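K.L.:
final.cif is reproduced below (mmCIF, C-alpha atoms).
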data_structure
loop_
_atom_site.label_atom_id
_atom_site.label_comp_id
_atom_site.auth_asym_id
_atom_site.auth_seq_id
_atom_site.Cartn_x
_atom_site.Cartn_y
_atom_site.Cartn_z
CA MET A 1 -24.56 21.87 -208.05
CA PHE A 2 -25.14 21.07 -211.70
CA ASP A 3 -24.51 17.48 -212.80
CA ARG A 4 -24.18 16.77 -216.47
CA PRO A 5 -26.56 13.87 -217.15
CA PRO A 6 -25.09 10.63 -218.54
CA GLU A 7 -26.12 11.37 -222.10
CA ILE A 8 -23.77 14.38 -222.27
CA ARG A 9 -20.90 13.21 -220.12
CA SER A 10 -17.68 14.74 -221.31
CA LYS A 11 -15.47 13.73 -224.13
CA LEU A 12 -13.35 15.95 -226.29
CA SER A 13 -15.78 16.10 -229.22
CA GLY A 14 -18.63 17.10 -226.92
CA ARG A 15 -20.67 14.14 -228.15
CA SER A 16 -22.27 11.42 -226.06
CA THR A 17 -20.12 9.04 -224.10
CA SER A 18 -20.55 6.79 -221.11
CA GLY A 19 -19.49 7.67 -217.59
CA THR A 20 -16.92 4.88 -217.39
CA PHE A 21 -13.51 4.43 -218.93
CA PRO A 22 -13.17 1.01 -220.61
CA SER A 23 -9.56 1.55 -221.62
CA ASN A 24 -8.59 1.96 -217.98
CA GLN A 25 -9.42 0.19 -214.78
CA PRO A 26 -13.14 0.33 -213.94
CA SER A 27 -14.52 3.26 -212.04
CA THR A 28 -15.08 2.41 -208.40
CA PRO A 29 -18.05 4.42 -207.13
CA ALA A 30 -17.71 3.03 -203.61
CA ARG A 31 -14.51 5.07 -203.23
CA SER A 32 -16.36 8.32 -203.86
CA ILE A 33 -17.35 9.97 -200.60
CA PRO A 34 -20.11 12.57 -201.05
CA SER A 35 -19.33 15.33 -198.59
CA GLY A 36 -22.84 15.09 -197.23
CA ALA A 37 -22.65 11.38 -196.41
CA SER A 38 -21.04 9.45 -193.61
CA VAL A 39 -17.89 7.45 -194.32
CA ALA A 40 -18.67 3.77 -193.93
CA CYS A 41 -15.11 2.70 -194.66
CA CYS A 42 -11.91 4.12 -196.07
CA PRO A 43 -9.77 2.43 -198.75
CA MET A 44 -6.66 3.42 -196.79
CA SER A 45 -6.03 3.76 -193.08
CA ARG A 46 -6.52 7.11 -191.41
CA GLY A 47 -3.57 9.38 -192.10
CA ALA A 48 -2.10 7.14 -194.82
CA TYR A 49 -2.65 9.54 -197.71
CA ALA A 50 0.29 11.34 -199.28
CA ALA A 51 -1.49 13.98 -201.38
CA ALA A 52 -4.73 15.86 -201.85
CA PHE A 53 -5.86 17.34 -205.18
CA PHE A 54 -8.52 19.99 -205.63
CA ASP A 55 -10.70 21.44 -208.35
CA PHE A 56 -10.78 25.23 -208.51
CA GLY A 57 -14.14 26.76 -209.51
CA GLY A 58 -16.96 25.67 -207.23
CA VAL A 59 -14.60 24.10 -204.67
CA LEU A 60 -12.14 26.85 -203.76
CA THR A 61 -14.64 29.46 -204.92
CA THR A 62 -18.35 30.06 -204.69
CA SER A 63 -20.60 28.38 -207.25
CA VAL A 64 -19.65 28.69 -210.90
CA TRP A 65 -23.28 28.17 -211.88
CA ASP A 66 -24.53 30.96 -209.63
CA SER A 67 -22.03 33.28 -211.30
CA PHE A 68 -23.15 32.15 -214.75
CA ALA A 69 -26.80 32.69 -213.79
CA ALA A 70 -26.07 36.22 -212.59
CA PHE A 71 -24.29 36.94 -215.88
CA CYS A 72 -27.22 35.61 -217.91
CA ARG A 73 -29.70 37.75 -216.00
CA SER A 74 -27.52 40.82 -216.58
CA GLU A 75 -27.66 40.09 -220.31
CA GLY A 76 -31.44 39.68 -220.33
CA LEU A 77 -31.21 35.90 -220.76
CA GLU A 78 -32.84 33.12 -218.82
CA ALA A 79 -30.78 32.37 -215.72
CA ASP A 80 -30.06 28.81 -216.88
CA ALA A 81 -29.16 29.73 -220.48
CA VAL A 82 -25.52 28.59 -220.18
CA LYS A 83 -26.45 25.42 -218.31
CA ASP A 84 -29.12 24.59 -220.88
CA LEU A 85 -26.65 25.00 -223.74
CA PHE A 86 -24.32 22.45 -222.17
CA ARG A 87 -27.23 20.09 -221.54
CA ASN A 88 -28.83 20.32 -224.96
CA ASP A 89 -26.24 21.38 -227.54
CA PRO A 90 -23.33 18.95 -228.10
CA ASP A 91 -21.56 21.53 -230.23
CA ALA A 92 -21.54 23.97 -227.31
CA LEU A 93 -19.89 21.36 -225.11
CA ALA A 94 -17.42 20.62 -227.92
CA ASP A 95 -16.51 24.33 -228.01
CA LEU A 96 -15.81 24.21 -224.29
CA ARG A 97 -13.65 21.10 -224.57
CA GLU A 98 -11.57 22.74 -227.28
CA LEU A 99 -11.12 25.81 -225.08
CA GLU A 100 -10.24 23.70 -222.03
CA THR A 101 -7.54 21.82 -223.93
CA GLY A 102 -6.08 24.87 -225.64
CA ALA A 103 -7.27 23.84 -229.10
CA ILE A 104 -8.97 27.22 -229.64
CA SER A 105 -8.27 30.67 -228.22
CA GLU A 106 -10.44 32.48 -225.72
CA ALA A 107 -11.43 34.94 -228.45
CA ASP A 108 -12.54 32.11 -230.75
CA PHE A 109 -14.55 30.52 -227.95
CA GLU A 110 -16.20 33.81 -227.05
CA ALA A 111 -17.22 34.33 -230.68
CA ARG A 112 -18.63 30.80 -231.04
CA PHE A 113 -20.29 30.45 -227.67
CA GLY A 114 -21.48 34.05 -227.65
CA ARG A 115 -23.38 33.40 -230.88
CA ARG A 116 -24.99 30.32 -229.35
CA LEU A 117 -26.10 32.40 -226.35
CA GLY A 118 -27.37 35.18 -228.60
CA LEU A 119 -25.03 37.85 -227.25
CA THR A 120 -24.81 41.02 -229.31
CA ASN A 121 -21.19 41.64 -228.32
CA PRO A 122 -19.44 38.52 -226.99
CA ASP A 123 -15.98 40.10 -226.66
CA GLY A 124 -14.60 39.53 -223.18
CA PHE A 125 -17.68 37.78 -221.86
CA ILE A 126 -15.60 35.06 -220.11
CA ASP A 127 -14.50 37.67 -217.56
CA SER A 128 -18.11 38.74 -217.09
CA MET A 129 -19.33 35.18 -216.64
CA PHE A 130 -16.91 34.54 -213.79
CA ALA A 131 -17.21 37.96 -212.14
CA GLY A 132 -19.63 36.66 -209.50
CA MET A 133 -17.26 34.02 -208.12
CA GLN A 134 -15.62 34.70 -204.78
CA PRO A 135 -12.96 32.76 -202.83
CA LEU A 136 -14.23 30.16 -200.35
CA GLU A 137 -11.94 31.08 -197.49
CA PRO A 138 -12.62 27.97 -195.36
CA MET A 139 -11.56 25.70 -198.22
CA ILE A 140 -8.47 27.79 -198.94
CA ALA A 141 -7.55 27.57 -195.26
CA ALA A 142 -8.07 23.78 -195.35
CA VAL A 143 -5.65 23.43 -198.27
CA ARG A 144 -3.08 25.47 -196.37
CA ASP A 145 -3.59 23.29 -193.28
CA LEU A 146 -3.19 20.08 -195.28
CA ARG A 147 0.05 21.30 -196.81
CA ALA A 148 1.35 22.50 -193.45
CA GLY A 149 0.45 19.08 -192.03
CA GLY A 150 2.77 17.32 -194.47
CA LEU A 151 0.48 16.38 -197.36
CA ARG A 152 1.46 17.35 -200.85
CA THR A 153 -1.26 19.41 -202.48
CA GLY A 154 -2.20 19.88 -206.12
CA LEU A 155 -4.71 21.69 -208.29
CA VAL A 156 -6.41 19.90 -211.19
CA THR A 157 -8.70 22.28 -213.03
CA ASN A 158 -10.49 22.55 -216.35
CA SER A 159 -9.76 26.11 -217.40
CA TRP A 160 -11.73 28.66 -219.37
CA SER A 161 -8.68 30.90 -219.24
CA THR A 162 -5.05 30.42 -218.26
CA GLU A 163 -4.58 34.13 -217.55
CA HIS A 164 -7.07 34.71 -214.78
CA TYR A 165 -5.66 32.62 -211.95
CA ASP A 166 -3.98 34.27 -208.98
CA ARG A 167 -0.65 32.54 -209.52
CA LYS A 168 0.79 33.89 -206.28
CA LEU A 169 -2.06 32.35 -204.30
CA LEU A 170 -1.76 29.06 -206.19
CA ALA A 171 1.94 28.90 -205.34
CA GLU A 172 1.08 29.38 -201.66
CA LEU A 173 -1.52 26.60 -201.71
CA PHE A 174 -0.16 23.94 -204.04
CA ASP A 175 3.00 21.99 -204.71
CA ASP A 176 1.94 21.71 -208.35
CA VAL A 177 -0.80 23.05 -210.59
CA VAL A 178 -2.35 21.18 -213.53
CA ILE A 179 -4.42 23.48 -215.75
CA SER A 180 -6.18 21.70 -218.59
CA ALA A 181 -5.28 24.08 -221.41
CA GLU A 182 -1.61 23.96 -220.44
CA VAL A 183 -1.38 20.15 -220.47
CA ARG A 184 -3.86 19.58 -223.35
CA LEU A 185 -5.96 17.21 -221.23
CA HIS A 186 -9.22 17.74 -219.40
CA LYS A 187 -11.19 16.16 -216.59
CA PRO A 188 -12.59 13.51 -216.52
CA GLN A 189 -9.88 11.98 -218.73
CA PRO A 190 -7.99 9.57 -216.44
CA GLU A 191 -4.69 10.73 -217.93
CA ILE A 192 -4.96 14.16 -216.32
CA TYR A 193 -5.19 12.63 -212.83
CA ARG A 194 -2.26 10.31 -213.50
CA LEU A 195 -0.23 13.29 -214.69
CA ALA A 196 -1.08 15.27 -211.55
CA ALA A 197 0.00 12.40 -209.30
CA GLU A 198 3.19 11.82 -211.29
CA ARG A 199 4.16 15.47 -211.02
CA LEU A 200 3.79 15.31 -207.24
CA GLY A 201 5.70 12.04 -207.03
CA VAL A 202 2.81 10.11 -205.48
CA GLU A 203 0.65 7.17 -206.49
CA PRO A 204 -2.99 7.87 -207.42
CA ALA A 205 -4.09 5.28 -204.86
CA GLU A 206 -2.53 7.32 -202.04
CA SER A 207 -4.27 10.49 -203.19
CA ILE A 208 -7.52 12.27 -202.36
CA PHE A 209 -9.36 14.27 -205.01
CA VAL A 210 -12.07 16.88 -204.34
CA ASP A 211 -14.44 18.12 -207.05
CA ASP A 212 -18.03 19.34 -207.24
CA LEU A 213 -18.92 17.36 -210.40
CA ARG A 214 -19.69 13.66 -210.27
CA GLU A 215 -18.12 12.93 -213.65
CA ASN A 216 -14.81 14.46 -212.54
CA CYS A 217 -14.83 12.34 -209.40
CA GLU A 218 -15.47 9.26 -211.53
CA GLY A 219 -12.44 10.08 -213.66
CA ALA A 220 -10.29 10.21 -210.54
CA GLU A 221 -11.80 6.96 -209.24
CA ALA A 222 -10.85 5.30 -212.52
CA VAL A 223 -7.18 5.69 -211.57
CA ALA A 224 -7.78 4.59 -207.95
CA MET A 225 -7.92 7.98 -206.24
CA THR A 226 -10.26 8.35 -203.28
CA THR A 227 -12.71 11.14 -204.05
CA ILE A 228 -14.84 13.56 -202.09
CA ARG A 229 -17.64 15.19 -204.01
CA PHE A 230 -17.84 18.74 -202.76
CA ARG A 231 -21.19 19.97 -201.52
CA ASP A 232 -20.23 22.55 -198.90
CA PRO A 233 -17.07 23.55 -196.99
CA GLN A 234 -18.11 22.29 -193.56
CA GLN A 235 -18.81 18.71 -194.60
CA THR A 236 -15.93 18.53 -197.06
CA ILE A 237 -13.41 19.74 -194.49
CA ALA A 238 -14.75 17.21 -191.99
CA ARG A 239 -14.21 14.40 -194.53
CA LEU A 240 -10.69 15.61 -195.27
CA ALA A 241 -9.91 15.58 -191.56
CA GLU A 242 -11.30 12.05 -191.21
CA LEU A 243 -9.26 10.70 -194.11
CA THR A 244 -5.99 12.45 -193.33
CA GLY A 245 -6.01 12.39 -189.55
CA LEU A 246 -5.09 16.08 -189.50
CA ALA A 247 -6.76 18.67 -187.31
CA LEU A 248 -8.36 21.05 -189.80
CA ALA A 249 -10.12 24.22 -188.75
CA PRO A 250 -13.88 23.73 -189.22
CA ALA A 251 -15.68 25.96 -191.68
#
Please, can you express the file's structure as structure tokens?
P.N.:
Amino acid sequence: MFDRPPEIRSKLSGRSTSGTFPSNQPSTPARSIPSGASVACCPMSRGAYAAAFFDFGGVLTTSVWDSFAAFCRSEGLEADAVKDLFRNDPDALADLRELETGAISEADFEARFGRRLGLTNPDGFIDSMFAGMQPLEPMIAAVRDLRAGGLRTGLVTNSWSTEHYDRKLLAELFDDVVISAEVRLHKPQPEIYRLAAERLGVEPAESIFVDDLRENCEGAEAVAMTTIRFRDPQQTIARLAELTGLALAPA
């Protein structure tokens, strides 16, 4: 999975910022549990968690970056053209942050970002960029199992579009859904995680958060959530089972 390097970690302007949050409690990297690593200790006892929160793209679906690469190849671009823009062009990341927080429309973003990519006709390219993503059925089943087992479940996602989610499926999986453009916040801002916990009526410290990006896990850690950095369904589901004490179907 793609990690944004420290020099371009997210903030709303798209400019450089550190990976910590000085206005909030310090990030606690020891709480983050990479899904490929063993759990040396848990901040809470087995089965003591009240809620689990999930990212959408790249956690409940196949890789966002693989889909972007396929789109770029179809347009005659280098496979990493989108990734390279986010790495090297702060204005491109600023465009994305404005889209994620609802400050600009999808059409405005497509016009701006399409020009940066060199697309001849950028209209509707968001749909094309995400066309290669498919549901990760083992992860979707795990969310269902967690909810059936008594945990409250929530989605916390940075959105490129508010129109393209399967709202019926989200209602089946989650007690509440936090979509960045609808709440005018984005990961890794600590406020978005606090809001998600508040809306579920739980404390951040009794919550698990799963995301494929390190910076988004760090944002959750800054408000005392225990995080699992997603690498693959099998290992992530095993970690969820360890932390919650629930019998989850293996991937």
K.L.:
Might you spell out which residues the PyMOL selection byres ((chain A and resi 116) around 10) would select in the displayed file, as a ChimeraX atom specification?
P.N.:
/A:81-82,85,89,91-92,110-115,117-119
K.L.:
So what do you get for CA of Leu185 (chain A) versus CA of Thr61 (chain A), distance-wise?
P.N.:
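We find that CA of Leu185 (chain A) and CA of Thr61 (chain A) lie 22.2 Å from each other.
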K.L.:
Suppose you want the space between CA of Asn216 (chain A) and CA of Pro190 (chain A); what is it in Å?
P.N.:
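That distance, rounded to one decimal, is 9.3 Å.
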K.L.:
Go ahead and compute the interatomic distance for CA of Lys83 (chain A) and CA of Val59 (chain A), in Å to one decimal.
P.N.:
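That distance, rounded to one decimal, is 18.1 Å.
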K.L.:
For Phe68 (chain A), which of A:Asp55, A:Asp127, A:Asp175, A:Glu106 is the closest residue, counting all atoms listed in the file?
P.N.:
A:Asp127
K.L.:
At a cut-off of 12 Å, using only C-alpha atoms, what residues contact Lys168 (chain A)? Leave out same-chain residues fewer than 5 positions from it and give the result as a ChimeraX atom specification.
P.N.:
/A:173-174,177
K.L.:
Go ahead and dump the residues you just picked, C-alpha atoms, as an mmCIF file, in the frame of the given file.
P.N.:
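Written out: part-v8.cif:
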data_model
loop_
_atom_site.group_PDB
_atom_site.id
_atom_site.type_symbol
_atom_site.label_atom_id
_atom_site.label_comp_id
_atom_site.auth_asym_id
_atom_site.auth_seq_id
_atom_site.Cartn_x
_atom_site.Cartn_y
_atom_site.Cartn_z
ATOM 1 C CA LEU A 173 -1.520 26.600 -201.710
ATOM 2 C CA PHE A 174 -0.160 23.940 -204.040
ATOM 3 C CA VAL A 177 -0.800 23.050 -210.590
#
K.L.:
Nearest to Ala131 (chain A): which of A:Thr62, A:Thr227, A:Ser105, A:Ser67 is it, counting only C-alpha atoms?
P.N.:
A:Ser67
K.L.:
Using only C-alpha atoms, which of the listed residues (A:Gly219, A:Gly102, A:Gly154, A:Pro233) sits closest to Arg199 (chain A)?
P.N.:
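Smallest distance to Arg199 (chain A) is found for A:Gly154.
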K.L.:
Calculated over all atoms listed in the file, which of the candidates A:Thr153, A:Ser161, A:Gln189, A:Gln234 has the smallest distance to Glu218 (chain A)?
P.N.:
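Result for the nearest residue to Glu218 (chain A): A:Gln189.
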K.L.:
My list of candidates is A:Val143, A:Met44, A:Leu170, A:Leu155. Which is closest to Ala224 (chain A) when distances are computed with all atoms listed in the file?
P.N.:
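Looking at the shortest contact to Ala224 (chain A), the residue is A:Met44.
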K.L.:
For Ile208 (chain A), which residue among A:Tyr49, A:Trp65, A:Phe230, A:Trp160 is the nearest when counting all atoms listed in the file?
P.N.:
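Of A:Tyr49, A:Trp65, A:Phe230, A:Trp160, the one nearest Ile208 (chain A) is A:Tyr49, counting all atoms listed in the file.
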K.L.:
Determine, counting all atoms listed in the file, every residue of protein, DNA or RNA that lies within 12 Å of (-11.2, 31.2, -195.2) in the file coordinates, then give the result as an MDAnalysis selection string.
P.N.:
chainID A and resid 60:62 134:145 233:234 237 248:251
K.L.:
What are the centre and the three edge lengths of an axis-aligned box that wraps all atoms of region 204-208 of chain A in the file, given that 4 Å is added to every side, written as JSON and rounded to one decimal in Å?
P.N.:
{"center_x": -5.0, "center_y": 8.8, "center_z": -204.7, "size_x": 13.0, "size_y": 15.0, "size_z": 13.4}
K.L.:
So which residues are close to (-16.5, 24.9, -217.6), meaning at most 12 Å away in the file's coordinates with all atoms listed in the file counted, and can you show them as a ChimeraX atom specification?
P.N.:
/A:2-4,10,55-58,63-65,67-68,82-83,85-86,92-101,109,126,129-130,157-161,180-181,186-187,212-213,216
K.L.:
Could you take the residues named above and write them with C-alpha atoms, as a PDB file, in the frame of the given file?
P.N.:
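Now in out_24.pdb:
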ATOM      1  CA  PHE A   2     -25.140  21.070-211.700  1.00  0.00           C
ATOM      2  CA  ASP A   3     -24.510  17.480-212.800  1.00  0.00           C
ATOM      3  CA  ARG A   4     -24.180  16.770-216.470  1.00  0.00           C
ATOM      4  CA  SER A  10     -17.680  14.740-221.310  1.00  0.00           C
ATOM      5  CA  ASP A  55     -10.700  21.440-208.350  1.00  0.00           C
ATOM      6  CA  PHE A  56     -10.780  25.230-208.510  1.00  0.00           C
ATOM      7  CA  GLY A  57     -14.140  26.760-209.510  1.00  0.00           C
ATOM      8  CA  GLY A  58     -16.960  25.670-207.230  1.00  0.00           C
ATOM      9  CA  SER A  63     -20.600  28.380-207.250  1.00  0.00           C
ATOM     10  CA  VAL A  64     -19.650  28.690-210.900  1.00  0.00           C
ATOM     11  CA  TRP A  65     -23.280  28.170-211.880  1.00  0.00           C
ATOM     12  CA  SER A  67     -22.030  33.280-211.300  1.00  0.00           C
ATOM     13  CA  PHE A  68     -23.150  32.150-214.750  1.00  0.00           C
ATOM     14  CA  VAL A  82     -25.520  28.590-220.180  1.00  0.00           C
ATOM     15  CA  LYS A  83     -26.450  25.420-218.310  1.00  0.00           C
ATOM     16  CA  LEU A  85     -26.650  25.000-223.740  1.00  0.00           C
ATOM     17  CA  PHE A  86     -24.320  22.450-222.170  1.00  0.00           C
ATOM     18  CA  ALA A  92     -21.540  23.970-227.310  1.00  0.00           C
ATOM     19  CA  LEU A  93     -19.890  21.360-225.110  1.00  0.00           C
ATOM     20  CA  ALA A  94     -17.420  20.620-227.920  1.00  0.00           C
ATOM     21  CA  ASP A  95     -16.510  24.330-228.010  1.00  0.00           C
ATOM     22  CA  LEU A  96     -15.810  24.210-224.290  1.00  0.00           C
ATOM     23  CA  ARG A  97     -13.650  21.100-224.570  1.00  0.00           C
ATOM     24  CA  GLU A  98     -11.570  22.740-227.280  1.00  0.00           C
ATOM     25  CA  LEU A  99     -11.120  25.810-225.080  1.00  0.00           C
ATOM     26  CA  GLU A 100     -10.240  23.700-222.030  1.00  0.00           C
ATOM     27  CA  THR A 101      -7.540  21.820-223.930  1.00  0.00           C
ATOM     28  CA  PHE A 109     -14.550  30.520-227.950  1.00  0.00           C
ATOM     29  CA  ILE A 126     -15.600  35.060-220.110  1.00  0.00           C
ATOM     30  CA  MET A 129     -19.330  35.180-216.640  1.00  0.00           C
ATOM     31  CA  PHE A 130     -16.910  34.540-213.790  1.00  0.00           C
ATOM     32  CA  THR A 157      -8.700  22.280-213.030  1.00  0.00           C
ATOM     33  CA  ASN A 158     -10.490  22.550-216.350  1.00  0.00           C
ATOM     34  CA  SER A 159      -9.760  26.110-217.400  1.00  0.00           C
ATOM     35  CA  TRP A 160     -11.730  28.660-219.370  1.00  0.00           C
ATOM     36  CA  SER A 161      -8.680  30.900-219.240  1.00  0.00           C
ATOM     37  CA  SER A 180      -6.180  21.700-218.590  1.00  0.00           C
ATOM     38  CA  ALA A 181      -5.280  24.080-221.410  1.00  0.00           C
ATOM     39  CA  HIS A 186      -9.220  17.740-219.400  1.00  0.00           C
ATOM     40  CA  LYS A 187     -11.190  16.160-216.590  1.00  0.00           C
ATOM     41  CA  ASP A 212     -18.030  19.340-207.240  1.00  0.00           C
ATOM     42  CA  LEU A 213     -18.920  17.360-210.400  1.00  0.00           C
ATOM     43  CA  ASN A 216     -14.810  14.460-212.540  1.00  0.00           C
TER      44      ASN A 216
END
